[in-house]
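Asks: Just dropping this structure here.
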Amino acid sequence: MATLAAQLTAAQLKLAEYSAAESVALDAQRIRLTSPSGMDREEEMANLNAIRKGITYWQGIASGLEARIAGAPTLGGRTFSVADFS
């Protein structure tokens, strides 16, 4: 099994790939349509929802691994925080 640091590096690389894909999709895949009546609309050719879900997923993975490396408590592999009600 890969070390936590190696897993974090892999997650950060995936996050960078998804962020780059979002930038490309936003820059290259958005077109503006103008009709003779003056009605403008923009269309997105890429599936930004899927890209953004990937970004959210990899951000969560990277954050969890960073917390585990920092020594955050875990339960079933998931990090958690403890409330102090004193």
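So you can find residues: chains in the structure tokens are A, B, ... in the order shown, residues in each start at 1, and ligands are numbered from 1 in order.
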DSSP on the backbone: what in chain A comes out strand (DSSP E), as a list in words?

Replies: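 Result set for chain A (strand (DSSP E)): Arg30, Ile31, Arg32, Leu33, Thr34, Asp40, Arg41, Glu42, Glu43, Glu44, Thr74, Leu75, Arg78 and Thr79 of chain A.
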
Asks: Using only C-alpha atoms, please write the residues we just selected to a file, as a PDB file, in the first residue's frame.

Replies:
ATOM      1  CA  ARG A  30     -18.060  28.442 -24.192  1.00  0.00           C
ATOM      2  CA  ILE A  31     -19.636  30.142 -27.163  1.00  0.00           C
ATOM      3  CA  ARG A  32     -21.883  33.174 -27.393  1.00  0.00           C
ATOM      4  CA  LEU A  33     -24.802  33.070 -29.784  1.00  0.00           C
ATOM      5  CA  THR A  34     -26.263  36.348 -30.990  1.00  0.00           C
ATOM      6  CA  ASP A  40     -27.688  36.738 -26.702  1.00  0.00           C
ATOM      7  CA  ARG A  41     -27.076  33.443 -24.978  1.00  0.00           C
ATOM      8  CA  GLU A  42     -24.053  31.428 -24.002  1.00  0.00           C
ATOM      9  CA  GLU A  43     -23.695  27.699 -24.495  1.00  0.00           C
ATOM     10  CA  GLU A  44     -21.203  25.410 -22.806  1.00  0.00           C
ATOM     11  CA  THR A  74      -9.741   9.196  12.420  1.00  0.00           C
ATOM     12  CA  LEU A  75     -12.617   6.797  12.764  1.00  0.00           C
ATOM     13  CA  ARG A  78     -12.349   9.307   8.074  1.00  0.00           C
ATOM     14  CA  THR A  79     -11.140  12.359   9.939  1.00  0.00           C
TER      15      THR A  79
END

Asks: Determine, counting only C-alpha atoms, which protein, DNA and RNA residues have an atom within 7 Å of an atom of Ile55 of chain A; residues of the same chain fewer than 6 positions away are not included. Present the result as a list in words.

Replies: Leu15, Tyr18 and Ser19 of chain A

Asks: Kindly export the residues of the current selection with all heavy atoms, as a PDB file, in the first residue's frame.

Replies:
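Final output, saved to result35.pdb:
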ATOM      1  N   LEU A  15      -6.226  16.520  -8.703  1.00  0.00           N
ATOM      2  CA  LEU A  15      -6.895  17.794  -8.493  1.00  0.00           C
ATOM      3  C   LEU A  15      -6.381  18.838  -9.483  1.00  0.00           C
ATOM      4  O   LEU A  15      -7.165  19.576 -10.078  1.00  0.00           O
ATOM      5  CB  LEU A  15      -6.687  18.267  -7.054  1.00  0.00           C
ATOM      6  CG  LEU A  15      -7.324  19.590  -6.657  1.00  0.00           C
ATOM      7  CD1 LEU A  15      -8.824  19.589  -6.924  1.00  0.00           C
ATOM      8  CD2 LEU A  15      -7.047  19.880  -5.196  1.00  0.00           C
ATOM      9  N   TYR A  18      -7.886  18.087 -12.935  1.00  0.00           N
ATOM     10  CA  TYR A  18      -9.278  18.509 -13.040  1.00  0.00           C
ATOM     11  C   TYR A  18      -9.391  20.031 -13.103  1.00  0.00           C
ATOM     12  O   TYR A  18     -10.214  20.567 -13.837  1.00  0.00           O
ATOM     13  CB  TYR A  18     -10.107  17.956 -11.874  1.00  0.00           C
ATOM     14  CG  TYR A  18     -10.674  16.584 -12.151  1.00  0.00           C
ATOM     15  CD1 TYR A  18      -9.978  15.441 -11.818  1.00  0.00           C
ATOM     16  CD2 TYR A  18     -11.912  16.441 -12.761  1.00  0.00           C
ATOM     17  CE1 TYR A  18     -10.494  14.184 -12.076  1.00  0.00           C
ATOM     18  CE2 TYR A  18     -12.439  15.185 -13.023  1.00  0.00           C
ATOM     19  CZ  TYR A  18     -11.726  14.058 -12.672  1.00  0.00           C
ATOM     20  OH  TYR A  18     -12.248  12.828 -12.934  1.00  0.00           O
ATOM     21  N   SER A  19      -8.546  20.730 -12.351  1.00  0.00           N
ATOM     22  CA  SER A  19      -8.567  22.195 -12.386  1.00  0.00           C
ATOM     23  C   SER A  19      -8.140  22.706 -13.762  1.00  0.00           C
ATOM     24  O   SER A  19      -8.725  23.654 -14.292  1.00  0.00           O
ATOM     25  CB  SER A  19      -7.655  22.773 -11.304  1.00  0.00           C
ATOM     26  OG  SER A  19      -8.154  22.449 -10.034  1.00  0.00           O
TER      27      SER A  19
END

Asks: Could you list, as an MDAnalysis selection string, every residue within 12 Å of Glu17 of chain A, counting only C-alpha atoms and ignoring same-chain residues fewer than 6 positions away?

Replies: chainID A and resid 10:11 23:24 51:52 54:55 58:59

Asks: Run DSSP on the backbone and grab whatever in chain A lands in alpha helix (DSSP H); send it over as an NGL selection string.

Replies: :A and (4-28 or 48-69)

Asks: Nearest to Lys14 of chain A among A:Leu26, A:Met39, A:Ile61, A:Leu48, with distances taken over only C-alpha atoms: which residue is it?

Replies: A:Ile61

Asks: Would you compute the distance between atom CA of Gly76 of chain A and atom CA of Leu8 of chain A? Give it in Å to one decimal.

Replies: 18.2 Å

Asks: Smallest atom-to-atom distance to Glu66 of chain A: which of A:Lys53, A:Ala2, A:Ala16, A:Gln7, using only C-alpha atoms?

Replies: A:Gln7

Asks: Out of A:Ser81, A:Ala25, A:Ala6, A:Gln12, which residue has the shortest atom-to-atom distance to Thr56 of chain A when counting only C-alpha atoms?

Replies: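 Between A:Ser81, A:Ala25, A:Ala6, A:Gln12, the residue approaching Thr56 of chain A most closely is A:Gln12.
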
Asks: Atom CA of Asp84 of chain A to atom CA of Ser63 of chain A: how many Å, to one decimal?

Replies: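 For atom CA of Asp84 of chain A relative to atom CA of Ser63 of chain A, the distance reads 22.6 Å.
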